[in-house]
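The structure file model-v6.txt is reproduced below (compact mmCIF, C-alpha atoms and all ligand atoms).
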# COMPACT_ATOMS: atom_id res chain seq x y z
CA MET N 1 67.35 94.92 116.92
CA ASN N 2 69.57 97.99 117.28
CA VAL N 3 72.96 97.10 115.79
CA LEU N 4 76.03 99.31 115.63
CA VAL N 5 78.07 98.39 112.55
CA VAL N 6 81.73 99.34 112.92
CA ASN N 7 84.42 99.52 110.26
CA ALA N 8 87.69 100.22 112.06
CA GLY N 9 90.71 101.38 110.07
CA SER N 10 94.14 102.21 111.44
CA SER N 11 93.31 105.87 112.10
CA SER N 12 89.57 105.92 111.48
CA LEU N 13 86.38 104.31 112.71
CA LYS N 14 83.30 104.45 110.49
CA TYR N 15 79.94 103.46 111.90
CA GLN N 16 76.28 103.01 111.02
CA PHE N 17 73.54 102.45 113.56
CA PHE N 18 70.82 100.10 112.26
CA ASP N 19 67.37 99.28 113.43
CA THR N 20 67.16 95.88 111.75
CA THR N 21 63.49 95.43 112.66
CA GLU N 22 62.52 98.56 110.75
CA GLY N 23 65.28 97.96 108.19
CA ILE N 24 66.63 101.50 108.54
CA VAL N 25 69.89 103.26 109.37
CA LYS N 26 69.22 105.72 112.18
CA ALA N 27 72.62 107.38 112.38
CA LYS N 28 76.05 107.20 110.85
CA GLY N 29 79.40 108.86 111.10
CA ILE N 30 83.14 108.64 111.21
CA CYS N 31 85.95 109.27 113.70
CA GLU N 32 89.09 110.32 111.87
CA ARG N 33 92.73 111.02 112.71
CA ILE N 34 92.65 108.65 115.69
CA GLY N 35 95.99 108.87 117.51
CA ILE N 36 97.17 111.80 115.39
CA GLY N 37 94.64 114.49 116.31
CA GLY N 38 90.95 113.72 116.10
CA LYS N 39 87.69 114.60 114.39
CA ILE N 40 84.19 113.19 114.66
CA SER N 41 81.39 113.73 112.12
CA HIS N 42 78.01 112.32 113.11
CA LYS N 43 74.58 112.47 111.49
CA GLN N 44 71.24 111.47 112.90
CA LEU N 45 69.44 110.34 109.78
CA LEU N 46 65.85 110.54 111.06
CA THR N 47 66.06 114.26 111.83
CA GLY N 48 69.06 115.16 109.68
CA LYS N 49 70.75 116.74 112.73
CA GLU N 50 74.53 116.74 112.52
CA TYR N 51 77.39 117.03 114.97
CA GLU N 52 80.98 117.72 114.03
CA ALA N 53 83.93 118.38 116.31
CA GLU N 54 87.70 118.44 116.20
CA ILE N 55 88.68 116.78 119.46
CA GLU N 56 91.69 114.81 120.57
CA ILE N 57 90.95 111.10 119.94
CA ALA N 58 93.86 109.16 121.40
CA SER N 59 92.64 105.60 120.82
CA HIS N 60 89.95 103.42 119.27
CA THR N 61 88.50 103.00 122.78
CA GLN N 62 88.06 106.74 123.02
CA ALA N 63 86.60 106.84 119.50
CA THR N 64 84.05 104.18 120.49
CA ARG N 65 83.15 106.12 123.63
CA LEU N 66 82.56 109.22 121.50
CA VAL N 67 80.33 107.25 119.12
CA VAL N 68 78.28 105.93 122.06
CA GLU N 69 77.98 109.48 123.46
CA CYS N 70 76.79 110.74 120.07
CA LEU N 71 74.22 107.94 119.83
CA MET N 72 72.92 108.81 123.31
CA ASN N 73 72.92 112.58 122.83
CA PRO N 74 69.39 114.00 123.38
CA GLU N 75 69.74 116.40 120.45
CA TYR N 76 71.40 114.39 117.66
CA GLY N 77 71.40 110.86 119.09
CA CYS N 78 68.85 108.07 118.71
CA VAL N 79 68.96 106.00 121.92
CA SER N 80 68.49 106.97 125.54
CA SER N 81 70.82 104.45 127.15
CA MET N 82 73.75 102.25 126.21
CA LYS N 83 71.55 99.19 126.78
CA GLU N 84 69.61 100.15 123.64
CA ILE N 85 72.72 99.43 121.59
CA GLU N 86 71.96 95.73 121.53
CA ALA N 87 74.88 94.43 119.50
CA VAL N 88 77.96 95.47 117.55
CA GLY N 89 78.90 94.05 114.15
CA HIS N 90 82.47 94.52 112.93
CA ARG N 91 83.68 94.48 109.35
CA ILE N 92 86.84 92.37 109.29
CA VAL N 93 88.94 92.40 106.12
CA HIS N 94 90.77 89.09 106.55
CA GLY N 95 89.61 85.91 108.25
CA GLY N 96 92.61 83.90 107.01
CA PRO N 97 92.12 80.14 106.92
CA TYR N 98 90.34 80.32 110.28
CA PHE N 99 86.94 81.92 109.65
CA PHE N 100 84.40 80.67 107.11
CA GLU N 101 81.37 82.56 108.36
CA SER N 102 80.41 85.37 110.70
CA VAL N 103 81.04 84.58 114.37
CA LEU N 104 80.25 85.82 117.85
CA LEU N 105 83.31 87.37 119.50
CA THR N 106 84.88 85.18 122.22
CA ASP N 107 88.41 85.01 123.67
CA ASP N 108 89.14 82.11 121.34
CA VAL N 109 87.92 84.08 118.31
CA LEU N 110 90.08 87.05 119.28
CA ALA N 111 93.11 84.76 119.63
CA LYS N 112 92.47 83.35 116.13
CA LEU N 113 92.04 86.86 114.72
CA GLU N 114 95.51 87.65 116.09
CA LEU N 115 96.82 84.89 113.77
CA CYS N 116 95.41 86.83 110.78
CA ARG N 117 97.73 89.77 111.51
CA ASP N 118 100.40 88.16 109.38
CA LEU N 119 98.07 88.12 106.36
CA ALA N 120 96.70 91.68 106.61
CA PRO N 121 98.80 93.49 109.21
CA LEU N 122 97.39 97.02 108.94
CA HIS N 123 93.74 96.06 108.69
CA THR N 124 93.82 93.32 111.35
CA GLY N 125 95.66 95.54 113.82
CA ALA N 126 93.04 98.26 113.32
CA HIS N 127 90.15 95.80 113.66
CA ILE N 128 91.57 94.43 116.92
CA MET N 129 91.86 97.98 118.28
CA GLY N 130 88.25 98.63 117.23
CA ILE N 131 87.04 95.43 118.90
CA LYS N 132 88.95 96.13 122.11
CA GLY N 133 87.65 99.71 122.04
CA CYS N 134 84.07 98.40 121.91
CA LEU N 135 84.77 95.85 124.65
CA GLU N 136 85.99 98.64 126.91
CA ALA N 137 83.39 101.24 125.99
CA MET N 138 80.43 98.81 125.91
CA PRO N 139 81.28 95.89 128.19
CA GLY N 140 78.67 93.16 128.00
CA THR N 141 77.34 94.14 124.56
CA PRO N 142 77.66 91.12 122.21
CA GLN N 143 79.97 91.64 119.26
CA VAL N 144 79.95 89.81 115.97
CA LEU N 145 82.75 89.62 113.41
CA VAL N 146 81.87 89.58 109.70
CA PHE N 147 84.75 88.69 107.40
CA ASP N 148 85.34 89.98 103.85
CA THR N 149 87.03 86.68 103.02
CA ALA N 150 84.37 84.35 104.45
CA PHE N 151 82.15 84.19 101.37
CA HIS N 152 85.12 82.97 99.34
CA SER N 153 85.97 80.14 101.73
CA THR N 154 83.80 77.78 99.65
CA MET N 155 86.23 77.98 96.70
CA PRO N 156 87.52 74.50 95.88
CA LYS N 157 91.23 73.81 96.17
CA LYS N 158 91.70 73.92 92.40
CA ALA N 159 90.60 77.56 92.54
CA HIS N 160 92.51 78.65 95.63
CA VAL N 161 95.83 76.76 95.68
CA TYR N 162 98.70 78.48 93.85
CA GLY N 163 101.45 76.87 91.81
CA VAL N 164 104.01 77.01 94.62
CA PRO N 165 105.18 74.01 96.70
CA TYR N 166 102.26 72.62 98.65
CA GLU N 167 104.19 72.99 101.93
CA MET N 168 103.94 76.76 101.50
CA TYR N 169 100.16 76.47 101.31
CA GLU N 170 100.25 74.44 104.52
CA ASN N 171 102.95 76.31 106.42
CA TYR N 172 102.58 79.93 105.29
CA LYS N 173 98.85 79.73 104.44
CA ILE N 174 99.61 81.10 100.97
CA ARG N 175 96.47 80.75 98.84
CA ARG N 176 93.76 82.75 97.13
CA TYR N 177 91.55 84.30 99.80
CA GLY N 178 89.69 86.97 97.82
CA ALA N 179 88.12 90.14 99.20
CA HIS N 180 84.87 92.16 99.13
CA GLY N 181 83.12 88.90 100.06
CA THR N 182 80.36 90.62 102.03
CA SER N 183 79.53 92.73 98.98
CA HIS N 184 79.62 89.76 96.60
CA ARG N 185 77.38 87.81 98.99
CA PHE N 186 74.90 90.69 99.29
CA VAL N 187 74.53 91.36 95.55
CA ALA N 188 74.51 87.67 94.66
CA GLY N 189 71.67 87.21 97.18
CA GLU N 190 69.74 90.11 95.64
CA ALA N 191 70.32 88.73 92.13
CA ILE N 192 69.02 85.32 93.20
CA LYS N 193 65.81 87.01 94.39
CA LEU N 194 65.51 88.85 91.05
CA LEU N 195 66.10 85.65 89.06
CA GLY N 196 63.24 84.07 90.99
CA LYS N 197 64.86 80.61 90.99
CA PRO N 198 66.07 78.43 93.86
CA ALA N 199 69.61 79.54 94.79
CA LYS N 200 70.97 76.07 93.97
CA ASP N 201 69.96 76.50 90.31
CA THR N 202 71.69 79.84 89.75
CA LYS N 203 75.04 80.75 88.18
CA ILE N 204 76.04 84.37 88.73
CA ILE N 205 79.10 86.53 88.11
CA THR N 206 79.35 89.48 90.48
CA CYS N 207 81.55 92.43 89.48
CA HIS N 208 82.41 94.63 92.46
CA LEU N 209 84.12 97.56 90.75
CA GLY N 210 85.28 100.41 92.99
CA ASN N 211 88.67 101.78 93.99
CA GLY N 212 89.42 98.15 94.62
CA SER N 213 87.74 95.74 92.21
CA SER N 214 87.01 92.04 92.28
CA ILE N 215 84.93 89.60 90.29
CA SER N 216 83.41 86.41 91.67
CA ALA N 217 81.82 83.29 90.25
CA VAL N 218 78.84 82.29 92.40
CA ASP N 219 77.44 78.86 91.61
CA GLY N 220 74.38 77.69 93.52
CA GLY N 221 74.71 80.69 95.86
CA LYS N 222 78.29 79.74 96.80
CA CYS N 223 81.49 81.38 95.67
CA VAL N 224 83.54 79.03 93.49
CA ASP N 225 86.21 81.48 92.32
CA THR N 226 87.22 85.10 92.70
CA SER N 227 89.70 87.43 91.05
CA MET N 228 91.49 88.81 94.10
CA GLY N 229 94.08 86.52 95.58
CA PHE N 230 96.41 86.20 98.54
CA THR N 231 95.99 89.97 98.77
CA PRO N 232 93.67 92.52 97.11
CA LEU N 233 96.39 93.29 94.53
CA ALA N 234 95.31 90.47 92.24
CA GLY N 235 92.70 90.41 89.50
CA VAL N 236 91.73 93.33 87.27
CA ILE N 237 93.52 96.70 87.28
CA MET N 238 92.16 99.06 89.93
CA GLY N 239 92.41 102.73 90.87
CA THR N 240 96.02 102.42 91.97
CA ARG N 241 96.63 98.64 92.10
CA CYS N 242 98.29 96.73 89.27
CA GLY N 243 96.12 93.60 89.22
CA ASP N 244 97.41 90.36 87.66
CA MET N 245 100.74 90.38 85.86
CA ASP N 246 103.65 88.03 85.29
CA PRO N 247 105.21 87.60 88.76
CA ALA N 248 108.67 88.00 87.19
CA VAL N 249 107.84 91.69 86.69
CA VAL N 250 108.19 92.14 90.47
CA PRO N 251 111.92 91.37 90.87
CA PHE N 252 112.60 93.07 87.52
CA ILE N 253 111.14 96.41 88.68
CA MET N 254 112.77 96.03 92.10
CA GLU N 255 116.18 95.74 90.51
CA LYS N 256 115.60 98.55 88.02
CA GLU N 257 114.21 100.97 90.61
CA GLY N 258 116.20 99.78 93.63
CA PHE N 259 113.00 99.09 95.59
CA THR N 260 112.94 97.14 98.85
CA PRO N 261 110.14 94.54 99.20
CA SER N 262 107.97 96.97 101.14
CA GLU N 263 108.61 99.78 98.63
CA MET N 264 107.64 97.41 95.82
CA ASN N 265 104.48 96.47 97.67
CA GLU N 266 103.62 100.13 98.17
CA PHE N 267 104.35 100.79 94.47
CA MET N 268 102.04 98.00 93.27
CA ASN N 269 99.29 99.18 95.63
CA LYS N 270 99.54 102.94 95.19
CA LYS N 271 101.13 103.86 91.87
CA CYS N 272 99.70 101.47 89.31
CA GLY N 273 96.30 100.70 87.76
CA PHE N 274 94.26 103.63 86.40
CA LEU N 275 96.69 106.11 87.93
CA GLY N 276 99.84 104.50 86.58
CA ILE N 277 98.52 103.78 83.09
CA SER N 278 96.73 107.09 82.53
CA GLY N 279 99.20 109.26 84.43
CA ILE N 280 96.12 111.31 85.34
CA SER N 281 94.11 109.92 88.22
CA SER N 282 92.96 106.83 90.07
CA ASP N 283 89.37 108.05 89.95
CA CYS N 284 87.11 106.65 87.26
CA ARG N 285 85.28 109.99 86.91
CA ASP N 286 88.57 111.74 86.03
CA ILE N 287 89.40 108.95 83.58
CA GLU N 288 86.00 109.35 81.89
CA ALA N 289 86.46 113.13 81.69
CA ALA N 290 89.92 112.71 80.14
CA ILE N 291 88.57 110.19 77.60
CA ALA N 292 85.94 112.76 76.60
CA GLU N 293 88.79 115.20 75.92
CA GLY N 294 90.53 112.65 73.71
CA ASN N 295 93.23 111.49 76.11
CA GLU N 296 94.64 108.24 74.68
CA ARG N 297 96.17 106.86 77.86
CA ALA N 298 92.97 107.38 79.82
CA LYS N 299 91.19 105.45 77.07
CA LEU N 300 93.81 102.72 77.24
CA ALA N 301 93.31 102.40 81.03
CA MET N 302 89.54 101.99 80.55
CA ASP N 303 90.02 99.58 77.62
CA ILE N 304 92.31 97.41 79.73
CA LEU N 305 89.81 97.25 82.60
CA THR N 306 86.96 96.46 80.19
CA TYR N 307 88.95 93.73 78.45
CA GLN N 308 90.02 92.14 81.72
CA ILE N 309 86.43 92.07 83.05
CA LYS N 310 85.30 90.42 79.81
CA LYS N 311 88.00 87.79 80.20
CA PHE N 312 86.90 87.01 83.77
CA ILE N 313 83.30 86.67 82.58
CA GLY N 314 84.43 84.22 79.90
CA ALA N 315 86.59 82.24 82.32
CA TYR N 316 83.96 82.04 85.03
CA THR N 317 81.22 81.08 82.57
CA ALA N 318 83.45 78.19 81.54
CA ALA N 319 84.24 77.32 85.17
CA MET N 320 80.52 77.18 86.05
CA ASN N 321 79.42 75.68 82.72
CA GLY N 322 76.77 78.36 82.34
CA LEU N 323 75.63 81.80 83.37
CA ASP N 324 72.28 83.23 84.48
CA ALA N 325 73.27 86.74 85.48
CA ILE N 326 76.05 89.29 85.62
CA VAL N 327 75.88 91.87 88.40
CA PHE N 328 77.62 95.25 88.42
CA THR N 329 78.10 96.92 91.80
CA ALA N 330 80.21 99.39 93.88
CA GLY N 331 81.31 102.91 92.89
CA ILE N 332 82.24 102.19 89.27
CA GLY N 333 79.84 99.28 88.71
CA GLU N 334 76.88 101.34 89.92
CA ASN N 335 77.77 104.66 88.28
CA THR N 336 79.79 104.16 85.12
CA LYS N 337 77.31 103.47 82.33
CA ALA N 338 79.93 103.45 79.57
CA LEU N 339 81.92 100.70 81.25
CA ARG N 340 78.85 98.48 81.69
CA GLU N 341 78.01 98.92 78.04
CA ALA N 342 81.57 98.26 76.88
CA VAL N 343 81.81 95.08 78.99
CA CYS N 344 78.49 93.72 77.70
CA GLU N 345 78.91 94.53 74.01
CA ASN N 346 80.04 91.80 71.60
CA MET N 347 79.10 89.15 74.13
CA ASP N 348 76.29 87.60 72.08
CA PHE N 349 78.19 84.31 71.96
CA PHE N 350 77.44 84.07 75.69
CA GLY N 351 73.79 84.97 75.20
CA ILE N 352 74.14 88.49 76.57
CA SER N 353 71.90 91.11 74.97
CA PHE N 354 72.40 94.47 76.65
CA ASP N 355 69.73 97.19 76.70
CA LYS N 356 71.81 100.30 75.92
CA GLU N 357 68.85 102.70 76.09
CA LYS N 358 67.81 101.50 79.51
CA ASN N 359 71.40 101.71 80.74
CA ASN N 360 71.86 105.25 79.42
CA GLY N 361 68.47 106.37 80.65
CA MET N 362 69.06 105.38 84.28
CA LYS N 363 68.24 108.19 86.69
CA ARG N 364 69.45 108.76 90.25
CA PRO N 365 68.89 107.64 92.92
CA TYR N 366 69.83 104.28 91.46
CA SER N 367 68.16 101.12 92.62
CA ALA N 368 68.54 97.52 91.48
CA THR N 369 67.81 97.44 87.74
CA CYS N 370 67.81 94.80 85.01
CA LEU N 371 69.86 96.10 82.07
CA SER N 372 69.50 93.20 79.65
CA THR N 373 66.82 92.96 76.95
CA PRO N 374 63.85 90.65 77.63
CA GLU N 375 65.20 88.05 75.16
CA SER N 376 68.71 88.03 76.69
CA LYS N 377 69.63 84.53 77.87
CA VAL N 378 71.82 86.06 80.57
CA LYS N 379 70.39 88.80 82.78
CA VAL N 380 72.54 91.86 83.45
CA TYR N 381 71.84 93.67 86.72
CA MET N 382 73.08 96.81 88.39
CA ILE N 383 72.60 96.26 92.11
CA PRO N 384 73.80 98.85 94.65
CA THR N 385 75.87 97.06 97.26
CA ASN N 386 75.20 97.33 100.98
CA GLU N 387 77.90 95.64 103.01
CA GLU N 388 76.80 97.34 106.25
CA LEU N 389 73.28 95.95 105.92
CA MET N 390 74.71 92.47 105.47
CA ILE N 391 76.89 92.92 108.58
CA ALA N 392 73.86 94.16 110.57
CA ALA N 393 71.78 91.19 109.36
CA ASP N 394 74.47 88.63 110.33
CA THR N 395 74.90 90.31 113.70
CA GLU N 396 71.19 90.25 114.39
CA GLU N 397 70.94 86.58 113.41
CA ILE N 398 73.82 85.49 115.64
CA VAL N 399 72.82 87.63 118.63
CA SER N 400 69.11 86.70 118.41
CA ALA N 401 70.09 83.02 118.49
CA LEU N 402 71.84 83.67 121.85
CA LYS N 403 68.57 84.78 123.37
CA LYS N 404 66.69 81.64 122.37
P1 LIG Z 501 85.98 101.85 97.51
O1 LIG Z 501 86.59 100.66 96.86
O2 LIG Z 501 86.98 102.81 98.08
O3 LIG Z 501 84.83 101.55 98.43
P2 LIG Z 501 83.94 102.94 95.71
O4 LIG Z 501 83.14 101.71 95.63
O5 LIG Z 501 83.36 104.14 96.36
O6 LIG Z 501 85.40 102.68 96.29
O7 LIG Z 501 84.33 103.34 94.21
C1 LIG Z 501 85.13 104.42 93.90
C2 LIG Z 501 85.19 104.53 92.37
O8 LIG Z 501 83.83 104.70 91.93
C3 LIG Z 501 85.98 105.70 91.87
O9 LIG Z 501 86.77 105.30 90.76
C4 LIG Z 501 84.93 106.68 91.40
O10 LIG Z 501 85.32 107.39 90.30
C5 LIG Z 501 83.76 105.79 91.07
N1 LIG Z 501 82.54 106.54 91.34
C6 LIG Z 501 81.99 106.80 92.50
N2 LIG Z 501 80.89 107.58 92.39
C7 LIG Z 501 80.75 107.81 91.10
C8 LIG Z 501 79.84 108.54 90.33
N3 LIG Z 501 78.85 109.22 90.91
N4 LIG Z 501 80.03 108.55 89.01
C9 LIG Z 501 81.04 107.87 88.43
N5 LIG Z 501 81.94 107.13 89.13
C10 LIG Z 501 81.82 107.12 90.44

Show me the file's structure as structure tokens.
Amino acid sequence: MNVLVVNAGSSSLKYQFFDTTEGIVKAKGICERIGIGGKISHKQLLTGKEYEAEIEIASHTQATRLVVECLMNPEYGCVSSMKEIEAVGHRIVHGGPYFFESVLLTDDVLAKLELCRDLAPLHTGAHIMGIKGCLEAMPGTPQVLVFDTAFHSTMPKKAHVYGVPYEMYENYKIRRYGAHGTSHRFVAGEAIKLLGKPAKDTKIITCHLGNGSSISAVDGGKCVDTSMGFTPLAGVIMGTRCGDMDPAVVPFIMEKEGFTPSEMNEFMNKKCGFLGISGISSDCRDIEAAIAEGNERAKLAMDILTYQIKKFIGAYTAAMNGLDAIVFTAGIGENTKALREAVCENMDFFGISFDKEKNNGMKRPYSATCLSTPESKVKVYMIPTNEELMIAADTEEIVSALKK
């Protein structure tokens, strides 16, 4: 099936065009500066032909039309008519307490998605514009929504209810939702295949470490806990996000700095983490380079992240009463060898024996690799994530079922 996977942001729309039967991506690209100018960059991956243009893109509808035109272009496209775009799969950041799995778009689904605006205003607004854009540009093409939070909806109450009055859980829907669920689901699924055991007998900790980072406990193929919370600010320190801290720090800083609630939110999202601690950069590569030059604060930032990941591994091993595998994925998890080594060293109590030589000897392009020694009780894997593939697969499954 030909599936267009769309990731709509407030001023951008990223896309990948999959042939799920062949298991390949035929084209991909991005529309940027939607509503504030406009630029499209498109690449046909079978021929390598590219198209780039700075053109006024007033809306997500117009962006979607441009994408469809690119896909149908005789020179750099890959279909000859719109009918060949058989389905659209959307990445949706927040499904709130309403969506527990991927769903086919209907009026009722769209109405429920509107209710998620409160929980992730910027993302949800952008997703709705992307969906409406596709409805207008490709009327009649089935659309599927795939939620980043859905994989975490299996967390039991003891893992997702916070220590605030229960009425706030009921009335304001305040709870741990988690994020990166599609990535955690994908790599956990790959790890289960590598372990070669029935999913129900597996206990896995997935570490999605990128600009945003989250760690999940996956017991029997289902998420039982995750480090991100009500928002993606929670958990370990990230590129620019603070991660977990005493909540009393929030009003304290607000008073000291004279921040409004939205300024404080912006501060915790944009000025903290690697950037705030190191004073250098939010990018792990810059932090590694500074460490190599002897910068103490860069080292501290990396030490904090390492320590926090170790603590999550310990906590989740306890929560699951066991551990078969740890998975590293996303930008940092896939690329930063030193961090993987630092996380896995001195973990022999947990039965983790890390193969440093294999880790250091890894050559690009990286593919799924086992980084633990043969005698290690717990396997350590590096598995490149592929959220788009997961979205395409869900979309195909739901749309194929319609035809039966
Ligand atoms: P996002 O959360 O925005 O999707 P990514 O998963 O792309 O982010 O991760 C970005 C992080 O991964 C950055 O800190 C970056 O330094 C790190 N990273 C990406 N590529 C590499 C690389 N080739 N080598 C080292 N680190 C990398």

Taking only C-alpha atoms into account, which of N:Val144, N:Ala298, N:Ala27, N:Thr64 comes nearest Leu402 in chain N?
N:Val144

Enclosing box along x, y and z for every listed atom of ligand LIG 501 (chain Z), padded 6 Å each side, centre and size in Å, one decimal, as JSON:
{"center_x": 82.9, "center_y": 104.9, "center_z": 93.4, "size_x": 20.1, "size_y": 20.6, "size_z": 22.0}

Using only C-alpha atoms and all ligand atoms, find each residue of chain N with at least one atom at most 6 Å away from an atom of ligand LIG 501 (chain Z); report its shortest atom-to-atom pair and that distance in Å (one decimal), sort the rows by chain and rising residue number, and return the result as CSV.
residue,atom,partner,partner_atom,distance
N:Gly210,CA,Z:LIG501,O7,3.3
N:Asn211,CA,Z:LIG501,O1,3.7
N:Gly212,CA,Z:LIG501,O1,4.4
N:Asp283,CA,Z:LIG501,O9,3.9
N:Cys284,CA,Z:LIG501,O10,3.6
N:Arg285,CA,Z:LIG501,O10,4.3
N:Ala330,CA,Z:LIG501,O4,4.1
N:Gly331,CA,Z:LIG501,O8,3.2
N:Ile332,CA,Z:LIG501,O8,4.0
N:Asn335,CA,Z:LIG501,N4,4.6
N:Thr336,CA,Z:LIG501,C9,5.1

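Shell of Val5 in chain N at 6 Å, with all atoms listed in the file counted and residues fewer than 2 places along the chain excluded, is Tyr15, Gln16, Val88, Gly89 and His90 of chain N.
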
Residues as selected, C-alpha atoms, written as a PDB file, in the frame of the given file, can you do that?
ATOM      1  CA  TYR N  15      79.940 103.460 111.900  1.00  0.00           C
ATOM      2  CA  GLN N  16      76.280 103.010 111.020  1.00  0.00           C
ATOM      3  CA  VAL N  88      77.960  95.470 117.550  1.00  0.00           C
ATOM      4  CA  GLY N  89      78.900  94.050 114.150  1.00  0.00           C
ATOM      5  CA  HIS N  90      82.470  94.520 112.930  1.00  0.00           C
TER       6      HIS N  90
END

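Reported to one decimal place, the separation of CA of Arg91 in chain N from CA of Thr385 in chain N is 14.6 Å.
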
Near-Asp148 in chain N list (12 Å; all atoms listed in the file; drop same-chain fewer than 5 positions) as a PyMOL selection string:
chain N and resi 7+90-96+99-102+120+123-124+153+177-186+214+228+231-232+387-388+390-391
